[in-house]
Amino acid sequence: MFVLVVGGGKVGYYLAKELIESGHEVALMEKDSARAHQIADEIGSIVIAHDGCEGKYLAEAGCNRADVVAAVTGDDEDNLVICQMAKHHFDVPRTIARVNNPKNEALFRHLGVDELISPTRMILGSIEQDIPVHELLHLAALGEGELELIEAHLQAGSPAIGRAPRDLSIPEGCSLFAVIRDGVAAPLRPDTVMIEGDKVIAIGKTDCQALLHEQLIGETVPAEA
Amino acid sequence: MKIVIVGCGRVGASAADLYDRNGHEVIVLDSSTVAFERLPSTFGGTAIRGDGTDEDVLRRAGAEGADVFLSLTEGDNRNVMAAQLAAEVLGARRVIAKINDPVRSTAYAELGIATVCRTGLIVDAMNAYIGLPPSGLPGLLPPSGHHDTAAHHDHDPSAASAATASAPLSTPVATREA
């Protein structure tokens with residue numbers, strides 16, 4: 001596979017190195033010529049010391065025959081433009097962008113970037129998993145990001161305690177499918193009575209979260225902006 | 001008309017002043033307050049410090065539903081991103097992005113935003129003066145397509161990585177302002 005990596009920071013550098021080791025054809029674009037030469041000294045002549053946002057240099061780097069373009073610079077707007085140029089101008093089948101500001105994810109997806117990697121959100125998710133809060137815990141995004149895997153930890157005061165899923169009004173497009181009790185996972189059936197301390201695993205559309213929160217956590221519904 | 005201008009450089013400041021004097025509602029943004037010194041003391045519009053590629057900043061500035069949105073910073077890519085945000089999310093009616101790279105300028109006109117390319121404008125102005133034929137480089141290009149209708153490919157549904165978490169556009173996670 002021919003992979004064009006744009007951005008020669010730490011991410012781009014290690015990415016190119018790993019890809020070469022796995023036997024792929026790689027070209028790395030880095031606009032800072034000092035940095036480009038430094039990388040070239042180490043991993044060879046695959047480095048192009050030019051701005052990967054500029055159409056002319058993308059063409060010279062062979063963008064039109066790339067199977068994958070990975071835009072991993074530190075600037076979101078550059079990564080967006082690299083992916084859009086690759087996709088629409090050079091017909092690259094698969095584009096991947098690093099997104100630093102999590103708020104840009106929806107826009108990038110809307111504008112046709114195939115895959116987004118957000119280090120900020122990943123770290124944030126990891127931190128949030130360790131904080132015991134009376135909130136729904138977001139475990140993962142599925143599909144194009146319209147579905148989310150959610151965990152609800154039932155604590156005293158939850159309206160779901162002592163009731164079964166069939167007694168709750170679960171929003172449409174949402175499914176409660178498993179329960180973790182004393183560290184053991186079990187399927188959550190319509191008649192399974194939930195108890196305090198249960199962790200209920202649900203899958204649903206991002207816009208049902210307020211209702212799910214009301215049913216499983218109770219109290220105030222978090223303000224949805 | 002409500003006119004939003006991102007980037008208060010020479011072009012942005014001149015346009016802001018002109019439209020303001022012509023009685024339009026002008027909102028101008030720049031990441032540096034020093035840039036606003038280019039505006040005359042008579043300027044009656046709104047000048048806001050903030051990143052024009054940040055949706056929250058644009059909303060707070062009142063950029064929603066602008067009749068005209070001009071993206072005129074020094075960075076081609078910042079202009080592209082701000083313009084697409086304005087057109088796709090904020091409902092701006094007419095959007096122009098300054099893109100000095102002729103290749104990107106042409107490509108983004110095909111993707112649905114009007115682009116203005118200094119490279120082509122200057123070369124053609126000089127050619128006209130010298131008496132040479134037009135360069136063929138883009139100057140101001142109206143939008144000729146849409147990002148949805150441009151090149152399409154087969155998407156592998158599994159390609160959407162499960163590790164890629166997503167959130168609605170408005171999740172209050174981090175604000176980037178500079």
# chains A, B, ... in the order shown; residues from 1 in each chain; ligands from 1
$ interface_residues --of "chain A" --to "chain B" --cutoff "8 Å" --atoms "only C-alpha atoms" --output "PyMOL selection string"
chain A and resi 53-56+77-78+80-81+85+87-89+91+93+101-107+111-112+114-118+121-122+140-146+206+225
$ select_by_dssp --residues "stretch 21-174 of chain B" --states "alpha helix (DSSP H)" --output "number ranges by chain"
B: 21, 55-60, 76-88, 102-110, 118-130
$ write_last_selection --atoms "N, CA and C atoms" --output "short mmCIF file (atom, residue, chain, number, x, y, z; two decimals), in the first residue's frame"
data_model
loop_
_atom_site.label_atom_id
_atom_site.label_comp_id
_atom_site.auth_asym_id
_atom_site.auth_seq_id
_atom_site.Cartn_x
_atom_site.Cartn_y
_atom_site.Cartn_z
N ARG B 21 -19.02 52.20 6.31
CA ARG B 21 -19.39 53.54 5.85
C ARG B 21 -20.58 53.51 4.90
N GLU B 55 -16.07 27.52 15.98
CA GLU B 55 -17.51 27.70 15.84
C GLU B 55 -18.12 28.52 16.98
N ASP B 56 -17.70 28.23 18.21
CA ASP B 56 -18.26 28.95 19.36
C ASP B 56 -17.94 30.44 19.30
N VAL B 57 -16.71 30.73 18.91
CA VAL B 57 -16.30 32.14 18.80
C VAL B 57 -17.16 32.85 17.76
N LEU B 58 -17.35 32.20 16.63
CA LEU B 58 -18.16 32.81 15.57
C LEU B 58 -19.60 33.03 16.01
N ARG B 59 -20.14 32.04 16.71
CA ARG B 59 -21.52 32.20 17.20
C ARG B 59 -21.63 33.34 18.19
N ARG B 60 -20.68 33.38 19.13
CA ARG B 60 -20.71 34.45 20.13
C ARG B 60 -20.57 35.81 19.47
N ASP B 76 -4.19 30.42 4.16
CA ASP B 76 -5.14 29.82 3.22
C ASP B 76 -6.04 28.80 3.92
N ASN B 77 -5.43 27.95 4.72
CA ASN B 77 -6.21 26.86 5.32
C ASN B 77 -7.16 27.34 6.39
N ARG B 78 -6.73 28.35 7.14
CA ARG B 78 -7.64 28.94 8.13
C ARG B 78 -8.84 29.55 7.41
N ASN B 79 -8.58 30.18 6.27
CA ASN B 79 -9.67 30.78 5.50
C ASN B 79 -10.63 29.72 4.99
N VAL B 80 -10.06 28.61 4.52
CA VAL B 80 -10.87 27.51 4.01
C VAL B 80 -11.77 26.96 5.11
N MET B 81 -11.19 26.76 6.28
CA MET B 81 -11.95 26.15 7.37
C MET B 81 -13.03 27.10 7.88
N ALA B 82 -12.68 28.37 8.06
CA ALA B 82 -13.67 29.34 8.53
C ALA B 82 -14.81 29.46 7.52
N ALA B 83 -14.48 29.48 6.24
CA ALA B 83 -15.50 29.64 5.20
C ALA B 83 -16.43 28.44 5.15
N GLN B 84 -15.87 27.25 5.29
CA GLN B 84 -16.72 26.05 5.25
C GLN B 84 -17.61 25.97 6.49
N LEU B 85 -17.07 26.40 7.62
CA LEU B 85 -17.85 26.45 8.86
C LEU B 85 -19.03 27.42 8.66
N ALA B 86 -18.75 28.56 8.06
CA ALA B 86 -19.78 29.57 7.85
C ALA B 86 -20.86 29.04 6.90
N ALA B 87 -20.43 28.39 5.82
CA ALA B 87 -21.37 27.94 4.81
C ALA B 87 -22.18 26.73 5.28
N GLU B 88 -21.51 25.79 5.95
CA GLU B 88 -22.16 24.52 6.27
C GLU B 88 -22.86 24.52 7.62
N PRO B 102 -3.14 28.80 -6.20
CA PRO B 102 -4.11 28.65 -7.29
C PRO B 102 -4.75 27.26 -7.35
N VAL B 103 -4.00 26.22 -6.98
CA VAL B 103 -4.55 24.86 -7.03
C VAL B 103 -5.68 24.72 -6.01
N ARG B 104 -5.40 25.16 -4.79
CA ARG B 104 -6.42 25.07 -3.73
C ARG B 104 -7.60 26.00 -4.04
N SER B 105 -7.28 27.14 -4.63
CA SER B 105 -8.33 28.10 -4.97
C SER B 105 -9.34 27.48 -5.93
N THR B 106 -8.84 26.83 -6.96
CA THR B 106 -9.71 26.16 -7.93
C THR B 106 -10.45 24.99 -7.28
N ALA B 107 -9.71 24.20 -6.48
CA ALA B 107 -10.31 23.02 -5.86
C ALA B 107 -11.48 23.40 -4.95
N TYR B 108 -11.33 24.47 -4.17
CA TYR B 108 -12.40 24.81 -3.23
C TYR B 108 -13.58 25.50 -3.89
N ALA B 109 -13.36 26.13 -5.04
CA ALA B 109 -14.51 26.66 -5.78
C ALA B 109 -15.37 25.48 -6.23
N GLU B 110 -14.69 24.38 -6.62
CA GLU B 110 -15.42 23.18 -7.01
C GLU B 110 -16.11 22.53 -5.82
N ARG B 118 -5.06 35.88 -4.77
CA ARG B 118 -4.22 37.05 -5.01
C ARG B 118 -3.24 36.80 -6.17
N THR B 119 -2.70 35.57 -6.23
CA THR B 119 -1.72 35.23 -7.26
C THR B 119 -2.26 35.57 -8.65
N GLY B 120 -3.45 35.04 -8.95
CA GLY B 120 -4.04 35.26 -10.28
C GLY B 120 -4.43 36.71 -10.50
N LEU B 121 -4.99 37.35 -9.45
CA LEU B 121 -5.45 38.74 -9.60
C LEU B 121 -4.27 39.67 -9.92
N ILE B 122 -3.16 39.49 -9.22
CA ILE B 122 -2.02 40.39 -9.42
C ILE B 122 -1.38 40.15 -10.79
N VAL B 123 -1.18 38.88 -11.13
CA VAL B 123 -0.55 38.58 -12.42
C VAL B 123 -1.41 39.14 -13.57
N ASP B 124 -2.72 38.94 -13.46
CA ASP B 124 -3.57 39.42 -14.54
C ASP B 124 -3.65 40.95 -14.59
N ALA B 125 -3.62 41.59 -13.43
CA ALA B 125 -3.61 43.06 -13.42
C ALA B 125 -2.34 43.56 -14.11
N MET B 126 -1.22 42.92 -13.82
CA MET B 126 0.04 43.33 -14.43
C MET B 126 0.03 43.05 -15.93
N ASN B 127 -0.48 41.87 -16.29
CA ASN B 127 -0.55 41.52 -17.72
C ASN B 127 -1.39 42.53 -18.49
N ALA B 128 -2.49 42.95 -17.89
CA ALA B 128 -3.38 43.90 -18.56
C ALA B 128 -2.64 45.22 -18.79
N TYR B 129 -1.86 45.62 -17.79
CA TYR B 129 -1.12 46.88 -17.90
C TYR B 129 -0.02 46.79 -18.96
N ILE B 130 0.70 45.65 -18.93
CA ILE B 130 1.82 45.47 -19.87
C ILE B 130 1.31 45.22 -21.29
#
$ residues_around --residues "A:Pro119" --least-positions-apart "5" --cutoff "8 Å" --atoms "only C-alpha atoms" --output "PDB file with C-alpha atoms, in the first residue's frame"
ATOM      1  CA  ARG A  98      -5.661  14.100  13.367  1.00  0.00           C
ATOM      2  CA  VAL A  99      -8.093  16.457  15.119  1.00  0.00           C
ATOM      3  CA  ASN A 100      -6.800  18.437  18.052  1.00  0.00           C
TER       4      ASN A 100
END
$ residues_around --residues "A:Glu25" --least-positions-apart "2" --cutoff "7 Å" --atoms "only C-alpha atoms" --output "PDB file with N, CA and C atoms, in the first residue's frame"
ATOM      1  N   MET A   1       0.842  -1.186   0.000  1.00  0.00           N
ATOM      2  CA  MET A   1       0.000   0.000   0.000  1.00  0.00           C
ATOM      3  C   MET A   1       0.885   1.248   0.000  1.00  0.00           C
ATOM      4  N   PHE A   2       0.459   2.274  -0.735  1.00  0.00           N
ATOM      5  CA  PHE A   2       1.214   3.538  -0.710  1.00  0.00           C
ATOM      6  C   PHE A   2       0.518   4.519   0.224  1.00  0.00           C
ATOM      7  N   VAL A   3       1.207   4.905   1.274  1.00  0.00           N
ATOM      8  CA  VAL A   3       0.642   5.820   2.268  1.00  0.00           C
ATOM      9  C   VAL A   3       1.407   7.140   2.226  1.00  0.00           C
ATOM     10  N   ILE A  20       6.900   1.736   7.281  1.00  0.00           N
ATOM     11  CA  ILE A  20       8.018   1.207   6.490  1.00  0.00           C
ATOM     12  C   ILE A  20       8.397  -0.180   7.007  1.00  0.00           C
ATOM     13  N   GLY A  23       6.427  -2.883   5.759  1.00  0.00           N
ATOM     14  CA  GLY A  23       6.573  -3.158   4.332  1.00  0.00           C
ATOM     15  C   GLY A  23       5.761  -2.284   3.400  1.00  0.00           C
TER      16      GLY A  23
END
$ residues_around --residues "stretch 2-7 of chain B" --least-positions-apart "2" --cutoff "10 Å" --atoms "only C-alpha atoms" --output "PyMOL selection string"
chain B and resi 9-13+15-16+19-20+23-32+35-36+45-53+58+61-75+78-79+82-83+86+92+94-97
$ closest_residue --among "A:Gly183, A:Gly12, A:Gly52, A:Gly218" --to "A:Asp198" --atoms "only C-alpha atoms"
A:Gly183
$ atom_distance --atom1 "atom CA of A:Phe108" --atom2 "atom CA of B:Val116"
22.7 Å
$ atom_distance --atom1 "atom CA of A:Pro190" --atom2 "atom CA of A:Asp207"
22.6 Å
$ atom_distance --atom1 "atom CA of A:Tyr14" --atom2 "atom CA of A:Val69"
15.3 Å
$ closest_residue --among "A:Glu135, A:Asp67, A:Glu18, A:Asp51" --to "A:Ala210" --atoms "only C-alpha atoms"
A:Glu135
$ select_by_dssp --residues "stretch 16-168 of chain B" --states "strand (DSSP E or B)" --output "number ranges by chain"
B: 25-30, 46-49, 68-71, 94-98, 114-116, 140-141
$ write_last_selection --atoms "C-alpha atoms" --output "compact mmCIF listing (two decimals), in the first residue's frame"
# COMPACT_ATOMS: atom_id res chain seq x y z
CA GLU B 25 -23.77 45.75 9.76
CA VAL B 26 -20.10 44.73 9.98
CA ILE B 27 -18.53 42.23 12.39
CA VAL B 28 -14.77 41.81 12.09
CA LEU B 29 -12.72 39.15 13.90
CA ASP B 30 -9.00 38.78 14.36
CA THR B 46 -18.14 45.30 15.90
CA ALA B 47 -14.51 44.19 16.32
CA ILE B 48 -13.99 40.94 18.22
CA ARG B 49 -10.78 39.20 19.17
CA VAL B 68 -21.82 37.79 3.45
CA PHE B 69 -18.91 36.00 5.13
CA LEU B 70 -15.38 36.95 4.08
CA SER B 71 -12.45 34.88 5.21
CA ARG B 94 -22.48 34.11 0.42
CA VAL B 95 -19.03 33.04 1.47
CA ILE B 96 -15.68 34.05 0.03
CA ALA B 97 -12.33 32.60 1.13
CA LYS B 98 -9.01 34.17 0.21
CA ALA B 114 -16.25 31.26 -3.69
CA THR B 115 -12.50 31.81 -3.65
CA VAL B 116 -10.31 34.78 -4.35
CA LEU B 140 -12.22 35.36 -8.12
CA LEU B 141 -13.97 32.04 -8.69
